[in-house]
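The block underneath contains the structure these notes are about, expressed in structure tokens.
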Amino acid sequence: MSFSKFFATRAPAKINLTLHIEGRRDDGYHELHSLVAFAGAADYLTFEPGEEFALTLEGPTAQAAGEGGDNLVARAERALREEKPGLRSGAFHLVKRLPVAAGVGGGSSDAAAALRLLARANGLSPDDPALYAAARKTGADVPVCLTPRGKMMSGIGERLGPPIKLPPLFAVLVNPRQPVETRAVFAKLGLKPGENNGFGGHPAIAENMDFESLLRSLKKGRNDMEDAACVLAPVIGHVLAVLSGARGCRLARMSGSGATCFALFETCRQAGVAARAISRGHPEWWVKTTILR
């Protein structure tokens, strides 16, 4: 096998359209149920096979992502080498554009992208069990990012449903550039081990739903981390108010543990007009139009 080839892939933002925290297990982990979609906004990762692992970063959020061994790309590479002794590694270069500690799974998506590139370079099948095992070792959100298509995830993120064909969802993503630590949001929820929240189950999500049907289901759902995150970072409430007030907005919600929020629109034009208005009013915020799939 020749290892002179250069490989590249996108690492798209993961958006939790819903995020139900159903309870806390006796071992302390939180059980969740979430409909996940992926955005056009993304980081970009390249890989050139070589003798030793290396990682370089550039981009507007590279410094916050960290370049050492704790970067999730490095952790994913180590995890896959543990699963596949003799794996050929090499040099990764990450162009980091997504905000960090932002509820969009940027680091997890980067790690999943690294696993995909290593698999291609080493002739591994995309469904090789070693990839999923390495993803689980790397982080709770990494498995769902291995195949970046809409799907349900549950458990602590390790139980994945099949890919779901979602209608194109025209969206505006907004991050106020204030990082929010996931652990702190979980702590603010205040669930004790063995305690359930009692808020009710997740609405049904079917294959090939049209926009209006999906929207009705999404409105029956929620993000159970939203209130706790707003207490820790009140600016999130401001972002949600601005998105909700945008003309044509059909749903505004926080993604993940925050602080990134999204709004859904019927048309690309409505999303673009809203994004431009929000950017003018809040030039300090990260604002992106995208299609969620």
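Ligands are numbered from 1 in the order shown, chains are lettered A, B, ... in the order of the structure tokens, and residues start at 1 in each chain.
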Closest pair table for segment 96-183 of chain A residues within 9 Å of segment 200-217 of chain A, only C-alpha atoms, as a tab-separated table:
```
residue	atom	partner	partner_atom	distance
A:Met152	CA	A:Ile205	CA	8.6
A:Pro163	CA	A:Glu207	CA	8.8
A:Ile164	CA	A:Glu207	CA	5.5
A:Lys165	CA	A:Asn208	CA	5.5
A:Leu166	CA	A:Asn208	CA	6.1
A:Pro167	CA	A:Phe211	CA	5.8
A:Pro168	CA	A:Phe211	CA	7.7
A:Leu169	CA	A:Phe211	CA	7.6
```
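You can rank A:Tyr132, A:Phe53, A:Phe38, A:Phe92 by their closest distance to Gly105 of chain A using only C-alpha atoms, and at the top of that list sits A:Phe38.
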Spatial neighbours of segment 181-193 of chain A, 9 Å, only C-alpha atoms, chain gap at least 6 places, as a compact mmCIF listing (two decimals) with N, CA, C and O atoms, in the first residue's frame:
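Below you can see out.txt, which holds the result:
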```
# COMPACT_ATOMS: atom_id res chain seq x y z
N GLY A 23 -32.41 11.64 32.81
CA GLY A 23 -32.09 11.34 34.20
C GLY A 23 -30.60 11.14 34.36
O GLY A 23 -29.82 11.28 33.42
N ARG A 24 -30.23 10.84 35.60
CA ARG A 24 -28.83 10.60 35.92
C ARG A 24 -28.67 9.18 36.44
O ARG A 24 -29.40 8.76 37.34
N ARG A 25 -27.73 8.46 35.85
CA ARG A 25 -27.52 7.08 36.24
C ARG A 25 -26.82 6.99 37.59
O ARG A 25 -26.26 7.98 38.09
N ASP A 26 -26.83 5.79 38.17
CA ASP A 26 -26.17 5.59 39.45
C ASP A 26 -24.66 5.83 39.37
O ASP A 26 -24.03 6.18 40.37
N ASP A 27 -24.09 5.65 38.15
CA ASP A 27 -22.65 5.89 38.01
C ASP A 27 -22.31 7.36 37.78
O ASP A 27 -21.15 7.73 37.59
N GLY A 28 -23.34 8.24 37.79
CA GLY A 28 -23.11 9.67 37.67
C GLY A 28 -23.31 10.23 36.28
O GLY A 28 -23.47 11.44 36.11
N TYR A 29 -23.30 9.38 35.24
CA TYR A 29 -23.50 9.86 33.88
C TYR A 29 -24.97 10.19 33.63
O TYR A 29 -25.87 9.57 34.21
N HIS A 30 -25.22 11.15 32.75
CA HIS A 30 -26.57 11.57 32.42
C HIS A 30 -27.06 10.84 31.16
O HIS A 30 -26.34 10.76 30.17
N ALA A 101 -15.92 25.10 22.94
CA ALA A 101 -16.79 25.03 24.13
C ALA A 101 -18.10 25.74 23.84
O ALA A 101 -18.56 26.59 24.60
N ALA A 102 -18.72 25.35 22.72
CA ALA A 102 -19.84 26.12 22.18
C ALA A 102 -21.10 25.32 21.96
O ALA A 102 -22.08 25.83 21.42
N GLY A 103 -21.12 24.02 22.31
CA GLY A 103 -22.32 23.23 22.12
C GLY A 103 -22.54 22.74 20.71
O GLY A 103 -23.63 22.27 20.38
N ASP A 224 -33.04 20.40 27.57
CA ASP A 224 -33.13 20.47 29.03
C ASP A 224 -31.93 21.16 29.67
O ASP A 224 -31.95 21.41 30.88
N MET A 225 -30.91 21.47 28.88
CA MET A 225 -29.75 22.17 29.42
C MET A 225 -29.85 23.68 29.25
O MET A 225 -29.03 24.43 29.77
N GLU A 226 -30.89 24.12 28.55
CA GLU A 226 -30.98 25.53 28.17
C GLU A 226 -31.12 26.45 29.39
O GLU A 226 -30.40 27.46 29.50
N ASP A 227 -32.02 26.13 30.30
CA ASP A 227 -32.23 27.01 31.45
C ASP A 227 -30.98 27.11 32.32
O ASP A 227 -30.60 28.20 32.77
N ALA A 228 -30.34 25.96 32.57
CA ALA A 228 -29.14 25.96 33.40
C ALA A 228 -28.03 26.76 32.73
O ALA A 228 -27.31 27.52 33.39
N ALA A 229 -27.89 26.61 31.40
CA ALA A 229 -26.84 27.35 30.69
C ALA A 229 -27.12 28.85 30.73
O ALA A 229 -26.19 29.66 30.83
N VAL A 231 -28.52 30.49 33.11
CA VAL A 231 -28.14 30.99 34.44
C VAL A 231 -26.63 31.23 34.48
O VAL A 231 -26.15 32.25 35.00
N LEU A 232 -25.86 30.30 33.92
CA LEU A 232 -24.39 30.43 33.93
C LEU A 232 -23.91 31.50 32.96
O LEU A 232 -22.90 32.17 33.22
N GLY A 256 -26.80 21.73 22.27
CA GLY A 256 -25.90 21.12 23.25
C GLY A 256 -25.98 21.82 24.59
O GLY A 256 -27.05 22.18 25.08
N SER A 257 -24.80 22.05 25.18
CA SER A 257 -24.73 22.75 26.46
C SER A 257 -24.49 24.24 26.28
O SER A 257 -24.25 24.95 27.25
N GLY A 258 -24.59 24.74 25.03
CA GLY A 258 -24.43 26.16 24.75
C GLY A 258 -22.97 26.55 24.59
O GLY A 258 -22.07 25.74 24.76
```
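If only C-alpha atoms are the atoms counted, then among A:Leu264, A:Leu243, A:Pro148, A:Pro234 the closest residue to Lys219 of chain A is A:Leu264.
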Query raised in the report: Among segment 19-266 of chain A, which residues carry a DSSP assignment of strand (DSSP E or B), reported as a PyMOL selection string?
Result: chain A and resi 19-24+30-49+54-58+90-95+151-155+159-160+169-175+196+223+251-254+261-265
Query - Among the residues A:Ser109, A:Ser255, A:Asn196, A:Thr267, the one that comes closest to Tyr44 of chain A [using only C-alpha atoms] - result: A:Ser109
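The two atoms in question, atom CA of Ala233 of chain A and atom CA of Pro99 of chain A, are spaced 15.6 Å apart.
Taking only C-alpha atoms into account, Thr18 of chain A lies nearest to A:Gly150 out of the set A:Gly150, A:Gly50, A:Gly59, A:Gly198.
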Query - Residue contacts of segment 174-178 of chain A (6 Å, only C-alpha atoms) excluding same-chain residues fewer than 5 positions away, as a PyMOL selection string - result: chain A and resi 259-261+285-287
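All residues of segment 140-209 of chain A that DSSP, run on the backbone, classes as helix (DSSP H, G or I) are Val142, Pro143, Val144, Cys145, Leu146, Thr182, Arg183, Ala184, Val185, Phe186, Ala187, Lys188 and Leu189 of chain A.
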For the residues in the current selection, export N, CA and C atoms as an mmCIF file, in the first residue's frame.
```
data_model
loop_
_atom_site.group_PDB
_atom_site.id
_atom_site.type_symbol
_atom_site.label_atom_id
_atom_site.label_comp_id
_atom_site.auth_asym_id
_atom_site.auth_seq_id
_atom_site.Cartn_x
_atom_site.Cartn_y
_atom_site.Cartn_z
ATOM 1 N N VAL A 142 -18.261 11.832 20.009
ATOM 2 C CA VAL A 142 -17.485 11.458 18.822
ATOM 3 C C VAL A 142 -18.210 10.399 17.987
ATOM 4 N N PRO A 143 -18.834 9.353 18.584
ATOM 5 C CA PRO A 143 -19.492 8.349 17.745
ATOM 6 C C PRO A 143 -20.543 8.924 16.795
ATOM 7 N N VAL A 144 -21.367 9.862 17.266
ATOM 8 C CA VAL A 144 -22.427 10.399 16.411
ATOM 9 C C VAL A 144 -21.849 11.217 15.256
ATOM 10 N N CYS A 145 -20.616 11.714 15.424
ATOM 11 C CA CYS A 145 -19.982 12.524 14.383
ATOM 12 C C CYS A 145 -19.241 11.688 13.340
ATOM 13 N N LEU A 146 -19.096 10.375 13.579
ATOM 14 C CA LEU A 146 -18.374 9.536 12.621
ATOM 15 C C LEU A 146 -19.034 9.565 11.250
ATOM 16 N N THR A 182 -19.430 22.295 29.660
ATOM 17 C CA THR A 182 -20.501 21.301 29.739
ATOM 18 C C THR A 182 -20.666 20.770 31.158
ATOM 19 N N ARG A 183 -19.554 20.486 31.826
ATOM 20 C CA ARG A 183 -19.622 19.936 33.181
ATOM 21 C C ARG A 183 -20.349 20.878 34.124
ATOM 22 N N ALA A 184 -20.118 22.180 33.967
ATOM 23 C CA ALA A 184 -20.776 23.158 34.838
ATOM 24 C C ALA A 184 -22.282 23.196 34.597
ATOM 25 N N VAL A 185 -22.700 23.022 33.338
ATOM 26 C CA VAL A 185 -24.134 23.021 33.030
ATOM 27 C C VAL A 185 -24.802 21.785 33.631
ATOM 28 N N PHE A 186 -24.155 20.619 33.487
ATOM 29 C CA PHE A 186 -24.703 19.409 34.105
ATOM 30 C C PHE A 186 -24.822 19.582 35.624
ATOM 31 N N ALA A 187 -23.801 20.188 36.235
ATOM 32 C CA ALA A 187 -23.847 20.406 37.687
ATOM 33 C C ALA A 187 -25.015 21.318 38.056
ATOM 34 N N LYS A 188 -25.268 22.326 37.235
ATOM 35 C CA LYS A 188 -26.357 23.267 37.509
ATOM 36 C C LYS A 188 -27.723 22.597 37.386
ATOM 37 N N LEU A 189 -27.817 21.548 36.547
ATOM 38 C CA LEU A 189 -29.078 20.816 36.437
ATOM 39 C C LEU A 189 -29.480 20.240 37.791
#
```
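Using only C-alpha atoms, the shortest contact distance between Thr147 of chain A and any of A:Gly237, A:Gly272, A:Gly161, A:Gly86 is found at A:Gly161.
Proximity ranking of A:Gly221, A:Gly281, A:Gly245, A:Gly155 relative to Asn16 of chain A places A:Gly221 first, based on only C-alpha atoms.
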